[in-house]
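Chemist: Quick one: this structure, given as structure tokens, is what I'll be asking you about.
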Amino acid sequence: MHNPTNMAIVSRFNKSTPKNDGLPVIRGRKVTVDHGRNNNNSRRGSSSLTIEERLEMMKRIFVIGVAVSILFYITQTDNNVVVPESSDGNVVTIPSPALEAASVSAVVPSASTPPAPPATTCTAAQRALVLKQLPNSAACSKRYHSGCSFRVYTTGCQNPILARTFFANTNDFKPVSSSSSIPIPFTAVIVRWGNNNIPLDLLRIGSGFDPKYGKDWDSIYSKNTCLKPITTTIAATKEGDPPTRLPPQVVVLDWDNPTSSVLHEFNKKYHDQELIIEDTINMNRGGEYAGKKDSLATLIQSKLVVSQQQQPPSIIHYLDLVGRSGGYDYIILMELLPELLQSLRFLHFGYNEKDNWSSPSYTLEKLIAHLKTNGLICYWSGDEQSKYGLWRITDCFLDHYNYKNWSRIQCVSGTHSDVKELATRMETQFLTTIQRYDIY
């Protein structure tokens with residue numbers, strides 16, 4: 001269909017047509033414009049524009065219209081990419097890479113630059129809710145008392161379910177090197193094995209549910225029921241199928257453990273490259289490791305079979321100190337492997353009054369601050385009784401936490417993009433936990 005306005009403009013090139021006065025013609029009728037008698041500034045209307053000026057104006061209007069249309073299209077379609085269906089039949093919305101890229105700072109620190117501390121806050125309302133659920137009491141100040149609030153909710157069956165499901169899900173988590181997208185093995189470290197199913201669990205999780213790691217779950221570790229095998233909605237890998245990930249690496253560092261022979265049986269089945277055991281560590285004073293900065297970090301680096309295609313420190317995805325570490329947690333994290341904290345993704349450790357923790361200078365507040373400088377956000381690790389609730393400690397520290405009571409803590413990196421989703425889930429769990437009415 002021809003545009004009447006354009007026809008009126010073209011007609012001005014026809015010499016047989018009387019000169020138009022410049023007013024637009026719509027549907028065969030001239031449209032007049034009332035400028036008003038007192039509006040002197042508007043006297044110069046469209047009638048005084050030359051042909052070139054009118055054409056230039058229309059070009060600009062056309063370009064602006066196209067730009068606005070493109071911008072509108074982008075804002076409607078680029079916020080999310082919608083995948084028709086997930087494996088469980090539900091519509092899945094995946095954040096757009098364009099928005100993800102926009103949120104990343106243009107300044108990329110070098111490998112030697114420590115990560116910036118996570119920007120966590122604790123509002124007055126959040127602090128009040130935490131204090132209501134984990135109150136100070138006379139029990140907290142009494143040594144070995146089982147009634148202190150944060151001990152009550154963290155000493156039962158431990159199951160860091162959010163971390164376990166995240167690392168196992170091959171859609172959520174893809175282990176790659178820090179400097180590139182080159183795949184690397186899922187790498188976990190256990191210090192002082194607790195005679196439980198954690199090594200096998202981490203092999204299974206780290207492999208993305210390779211079925212070969214699930215055969216011996218019940219037969220050997222049936223006495224430990226805290227870590228029930230997790231399930232996934234992703235199509236399970238069948239035996240003989242190509243693996244979805246590189247073989248995992250689980251390093252076990254231990255000492256004075258007569259039952260470690262069970263782990264050596266696993267070595268025969270899963271090979272030294274996957275389950276790596278060093279169970280003769282001398283942790284006595286004056287020994288090879290105690291009191292020597294980063295001594296365990298150096299040992300771990302030497303035990304990793306796969307170099308992860310990067311300069312040290314190697315990425316440690318999961319560090320478990322909950323088993324039999326006793327009072328060694330503080331010195332392990334502060335002295336024996338601080339070099340690895342910058343590359344650590346998830347940490348599970350214990351807090352108590354035994355051994356090194358008994359020193360007055362070894363305080364939880366100091367340790368939490370140290371972990372934060374390495375980008376780690378820490379939470380009280382709720383047990384089965386609390387339905388695995390989480391209470392943030394980082395930037396939400398209460399004074400009575402310095403009373404040393406047996407309890408457990410989880411930490412997640414707030415600075416590494418590959419566990420950003422896990423950090424979000426843990427913070428969401430904290431916000432959900434403090435709103436619950438069944439924890440008081």
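Each chain in the structure tokens gets a letter, A, B, ..., in the order shown, and its residues are numbered from 1; ligands are numbered from 1 in order too.
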If you run DSSP on the backbone, which residues of segment 244-362 of chain A are alpha helix (DSSP H), as a list in words?
Modeler: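 Filtering segment 244-362 of chain A down to alpha helix (DSSP H) leaves Ser261, Val262, Leu263, His264, Glu265, Phe266, Asn267, Lys268, Lys269, Tyr270, Ser295, Leu296, Ala297, Thr298, Leu299, Ile300, Gln301, Ser302, Lys303, Asp329, Tyr330, Ile331, Pro338, Glu339, Leu340 and Leu341 of chain A.
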Chemist: Those selected residues, please, written with N, CA and C atoms and delivered as an mmCIF file, in the first residue's frame.
Modeler:
data_model
loop_
_atom_site.group_PDB
_atom_site.id
_atom_site.type_symbol
_atom_site.label_atom_id
_atom_site.label_comp_id
_atom_site.auth_asym_id
_atom_site.auth_seq_id
_atom_site.Cartn_x
_atom_site.Cartn_y
_atom_site.Cartn_z
ATOM 1 N N SER A 261 43.356 -49.837 56.314
ATOM 2 C CA SER A 261 43.572 -50.947 55.372
ATOM 3 C C SER A 261 42.362 -51.127 54.455
ATOM 4 N N VAL A 262 41.172 -50.726 54.944
ATOM 5 C CA VAL A 262 39.968 -50.816 54.111
ATOM 6 C C VAL A 262 40.124 -49.947 52.871
ATOM 7 N N LEU A 263 40.700 -48.764 53.042
ATOM 8 C CA LEU A 263 40.899 -47.869 51.914
ATOM 9 C C LEU A 263 41.885 -48.456 50.904
ATOM 10 N N HIS A 264 42.887 -49.156 51.402
ATOM 11 C CA HIS A 264 43.861 -49.747 50.496
ATOM 12 C C HIS A 264 43.231 -50.838 49.634
ATOM 13 N N GLU A 265 42.168 -51.459 50.142
ATOM 14 C CA GLU A 265 41.436 -52.416 49.329
ATOM 15 C C GLU A 265 40.794 -51.715 48.146
ATOM 16 N N PHE A 266 40.337 -50.488 48.391
ATOM 17 C CA PHE A 266 39.757 -49.706 47.308
ATOM 18 C C PHE A 266 40.811 -49.345 46.268
ATOM 19 N N ASN A 267 42.023 -49.136 46.707
ATOM 20 C CA ASN A 267 43.093 -48.810 45.765
ATOM 21 C C ASN A 267 43.221 -49.866 44.669
ATOM 22 N N LYS A 268 43.059 -51.121 45.071
ATOM 23 C CA LYS A 268 43.185 -52.214 44.117
ATOM 24 C C LYS A 268 42.072 -52.157 43.067
ATOM 25 N N LYS A 269 40.922 -51.608 43.466
ATOM 26 C CA LYS A 269 39.780 -51.583 42.561
ATOM 27 C C LYS A 269 39.721 -50.297 41.748
ATOM 28 N N TYR A 270 40.026 -49.164 42.391
ATOM 29 C CA TYR A 270 39.862 -47.875 41.713
ATOM 30 C C TYR A 270 41.185 -47.237 41.306
ATOM 31 N N SER A 295 52.767 -27.152 54.616
ATOM 32 C CA SER A 295 53.373 -28.476 54.449
ATOM 33 C C SER A 295 52.372 -29.473 53.853
ATOM 34 N N LEU A 296 51.109 -29.405 54.301
ATOM 35 C CA LEU A 296 50.106 -30.303 53.728
ATOM 36 C C LEU A 296 49.732 -29.876 52.308
ATOM 37 N N ALA A 297 49.765 -28.582 52.036
ATOM 38 C CA ALA A 297 49.487 -28.116 50.672
ATOM 39 C C ALA A 297 50.506 -28.682 49.701
ATOM 40 N N THR A 298 51.756 -28.652 50.100
ATOM 41 C CA THR A 298 52.822 -29.198 49.246
ATOM 42 C C THR A 298 52.639 -30.698 49.041
ATOM 43 N N LEU A 299 52.263 -31.409 50.108
ATOM 44 C CA LEU A 299 52.045 -32.850 50.006
ATOM 45 C C LEU A 299 50.891 -33.151 49.049
ATOM 46 N N ILE A 300 49.801 -32.415 49.183
ATOM 47 C CA ILE A 300 48.636 -32.629 48.317
ATOM 48 C C ILE A 300 49.005 -32.396 46.862
ATOM 49 N N GLN A 301 49.741 -31.320 46.602
ATOM 50 C CA GLN A 301 50.140 -31.017 45.222
ATOM 51 C C GLN A 301 50.962 -32.162 44.628
ATOM 52 N N SER A 302 51.812 -32.751 45.459
ATOM 53 C CA SER A 302 52.671 -33.821 44.954
ATOM 54 C C SER A 302 51.904 -35.110 44.706
ATOM 55 N N LYS A 303 50.765 -35.272 45.385
ATOM 56 C CA LYS A 303 49.995 -36.507 45.260
ATOM 57 C C LYS A 303 49.027 -36.498 44.086
ATOM 58 N N ASP A 329 41.664 -28.950 63.011
ATOM 59 C CA ASP A 329 41.039 -28.121 61.980
ATOM 60 C C ASP A 329 41.675 -26.742 61.898
ATOM 61 N N TYR A 330 41.881 -26.121 63.053
ATOM 62 C CA TYR A 330 42.385 -24.749 63.069
ATOM 63 C C TYR A 330 43.770 -24.655 62.438
ATOM 64 N N ILE A 331 44.705 -25.489 62.878
ATOM 65 C CA ILE A 331 46.068 -25.359 62.350
ATOM 66 C C ILE A 331 46.162 -25.840 60.895
ATOM 67 N N PRO A 338 47.178 -23.124 53.943
ATOM 68 C CA PRO A 338 46.530 -21.862 53.547
ATOM 69 C C PRO A 338 46.707 -21.527 52.076
ATOM 70 N N GLU A 339 47.770 -22.054 51.444
ATOM 71 C CA GLU A 339 47.988 -21.755 50.030
ATOM 72 C C GLU A 339 46.846 -22.263 49.160
ATOM 73 N N LEU A 340 46.215 -23.356 49.588
ATOM 74 C CA LEU A 340 45.148 -23.946 48.792
ATOM 75 C C LEU A 340 43.792 -23.280 49.011
ATOM 76 N N LEU A 341 43.661 -22.450 50.034
ATOM 77 C CA LEU A 341 42.357 -21.867 50.349
ATOM 78 C C LEU A 341 41.847 -20.972 49.232
#
Chemist: Pick out the residues sitting within 9 Å of Val412 of chain A, and hand them over as a list in words; count only C-alpha atoms, and ignore anything fewer than 6 positions along from it in its own chain.
Modeler: Ala163, Leu344, Arg345, Phe346, Leu347, Gly375, Leu376, Ile377, Cys378, Tyr379, Val419, Leu422, Ala423 and Met426 of chain A
Chemist: A:Thr165, A:Ser180, A:Gln342, A:Gln133: which is nearest Gly382 of chain A, counting only C-alpha atoms?
Modeler: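 Of the candidates, the smallest distance to Gly382 of chain A is held by A:Gln133.
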Chemist: What gap, in Å, lies between atom CA of Leu304 of chain A and atom CA of Asp355 of chain A?
Modeler: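 Computing it gives 29.3 Å between the two atoms.
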Chemist: Work out how far apart atom CA of Trp193 of chain A and atom CA of Thr259 of chain A are and give it in Å to one decimal.
Modeler: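 Computed distance, atom CA of Trp193 of chain A to atom CA of Thr259 of chain A, equals 9.5 Å.
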Chemist: Using only C-alpha atoms, which of A:Ile332, A:Ala168, A:Val191, A:Ile161 sits nearest Gly389 of chain A?
Modeler: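 Closest residue, counting only C-alpha atoms: A:Ile161.
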Chemist: With DSSP run on the backbone, what are the strand (DSSP E) residues within segment 334-402 of chain A? I'd like them as a list in words.
Modeler: Phe346, Leu347, His348, Phe349, Gly350, Tyr351, Leu376, Ile377, Cys378, Tyr379, Trp380, Ser381, Leu390, Trp391 and Arg392 of chain A
Chemist: Tell me which protein, DNA and RNA residues are within 9 Å of Arg127 of chain A, counting only C-alpha atoms, leaving out same-chain ones fewer than 3 positions away, and put them as a ChimeraX atom specification.
Modeler: /A:122-124,130-132,396-398
Chemist: Do a neighbour search on Glu353 of chain A at 8 Å with only C-alpha atoms, toss out local chain neighbours closer than 5 positions, and write the hits as a list in words.
Modeler: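 In the requested form, the answer reads Arg143, Gly327, Ser358, Lys404, Asn405 and Trp406 of chain A.
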Chemist: Of the residues A:Ile439, A:Thr432, A:Ala125, A:His400, which is the one nearest to Ala139 of chain A, using only C-alpha atoms?
Modeler: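 Of A:Ile439, A:Thr432, A:Ala125, A:His400, the one nearest Ala139 of chain A is A:His400, counting only C-alpha atoms.
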Chemist: Calculated over only C-alpha atoms, which of the candidates A:Arg285, A:Arg204, A:Arg324, A:Arg54 has the smallest distance to Leu253 of chain A?
Modeler: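 Residue with the minimum atom-to-atom distance to Leu253 of chain A: A:Arg324.
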Chemist: Mind giving me the straight-line distance from atom CA of Arg192 of chain A to atom CA of Arg425 of chain A in Å, one decimal?
Modeler: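 Result for atom CA of Arg192 of chain A versus atom CA of Arg425 of chain A: 28.2 Å, one decimal.
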Chemist: Write out as a ChimeraX atom specification the residues lying within 12 Å of Cys226 of chain A, counting only C-alpha atoms and excluding same-chain residues fewer than 2 positions away.
Modeler: /A:155-161,196-198,201,221-224,228-230,383-385,388
Chemist: Could the residues in this selection be written to a file with C-alpha atoms, as a PDB file, in the first residue's frame?
Modeler:
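What landed in selection-v8.pdb:
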ATOM      1  CA  THR A 155      26.358 -32.493  65.862  1.00  0.00           C
ATOM      2  CA  GLY A 156      23.915 -35.064  64.523  1.00  0.00           C
ATOM      3  CA  CYS A 157      24.064 -36.796  61.152  1.00  0.00           C
ATOM      4  CA  GLN A 158      25.958 -34.587  58.714  1.00  0.00           C
ATOM      5  CA  ASN A 159      24.944 -34.482  55.092  1.00  0.00           C
ATOM      6  CA  PRO A 160      26.044 -31.404  53.085  1.00  0.00           C
ATOM      7  CA  ILE A 161      23.305 -32.196  50.607  1.00  0.00           C
ATOM      8  CA  ASN A 196      32.922 -43.773  56.751  1.00  0.00           C
ATOM      9  CA  ASN A 197      31.653 -43.755  53.181  1.00  0.00           C
ATOM     10  CA  ILE A 198      32.895 -40.261  52.302  1.00  0.00           C
ATOM     11  CA  ASP A 201      30.725 -40.863  48.003  1.00  0.00           C
ATOM     12  CA  TYR A 221      30.048 -48.953  54.701  1.00  0.00           C
ATOM     13  CA  SER A 222      26.592 -50.058  55.799  1.00  0.00           C
ATOM     14  CA  LYS A 223      27.320 -48.906  59.367  1.00  0.00           C
ATOM     15  CA  ASN A 224      27.347 -45.283  58.213  1.00  0.00           C
ATOM     16  CA  LYS A 228      22.675 -41.794  51.790  1.00  0.00           C
ATOM     17  CA  PRO A 229      23.345 -42.128  48.056  1.00  0.00           C
ATOM     18  CA  ILE A 230      21.920 -39.119  46.258  1.00  0.00           C
ATOM     19  CA  ASP A 383      22.258 -31.887  60.896  1.00  0.00           C
ATOM     20  CA  GLU A 384      19.433 -34.245  60.054  1.00  0.00           C
ATOM     21  CA  GLN A 385      17.391 -33.008  63.033  1.00  0.00           C
ATOM     22  CA  TYR A 388      20.119 -29.580  57.146  1.00  0.00           C
TER      23      TYR A 388
END
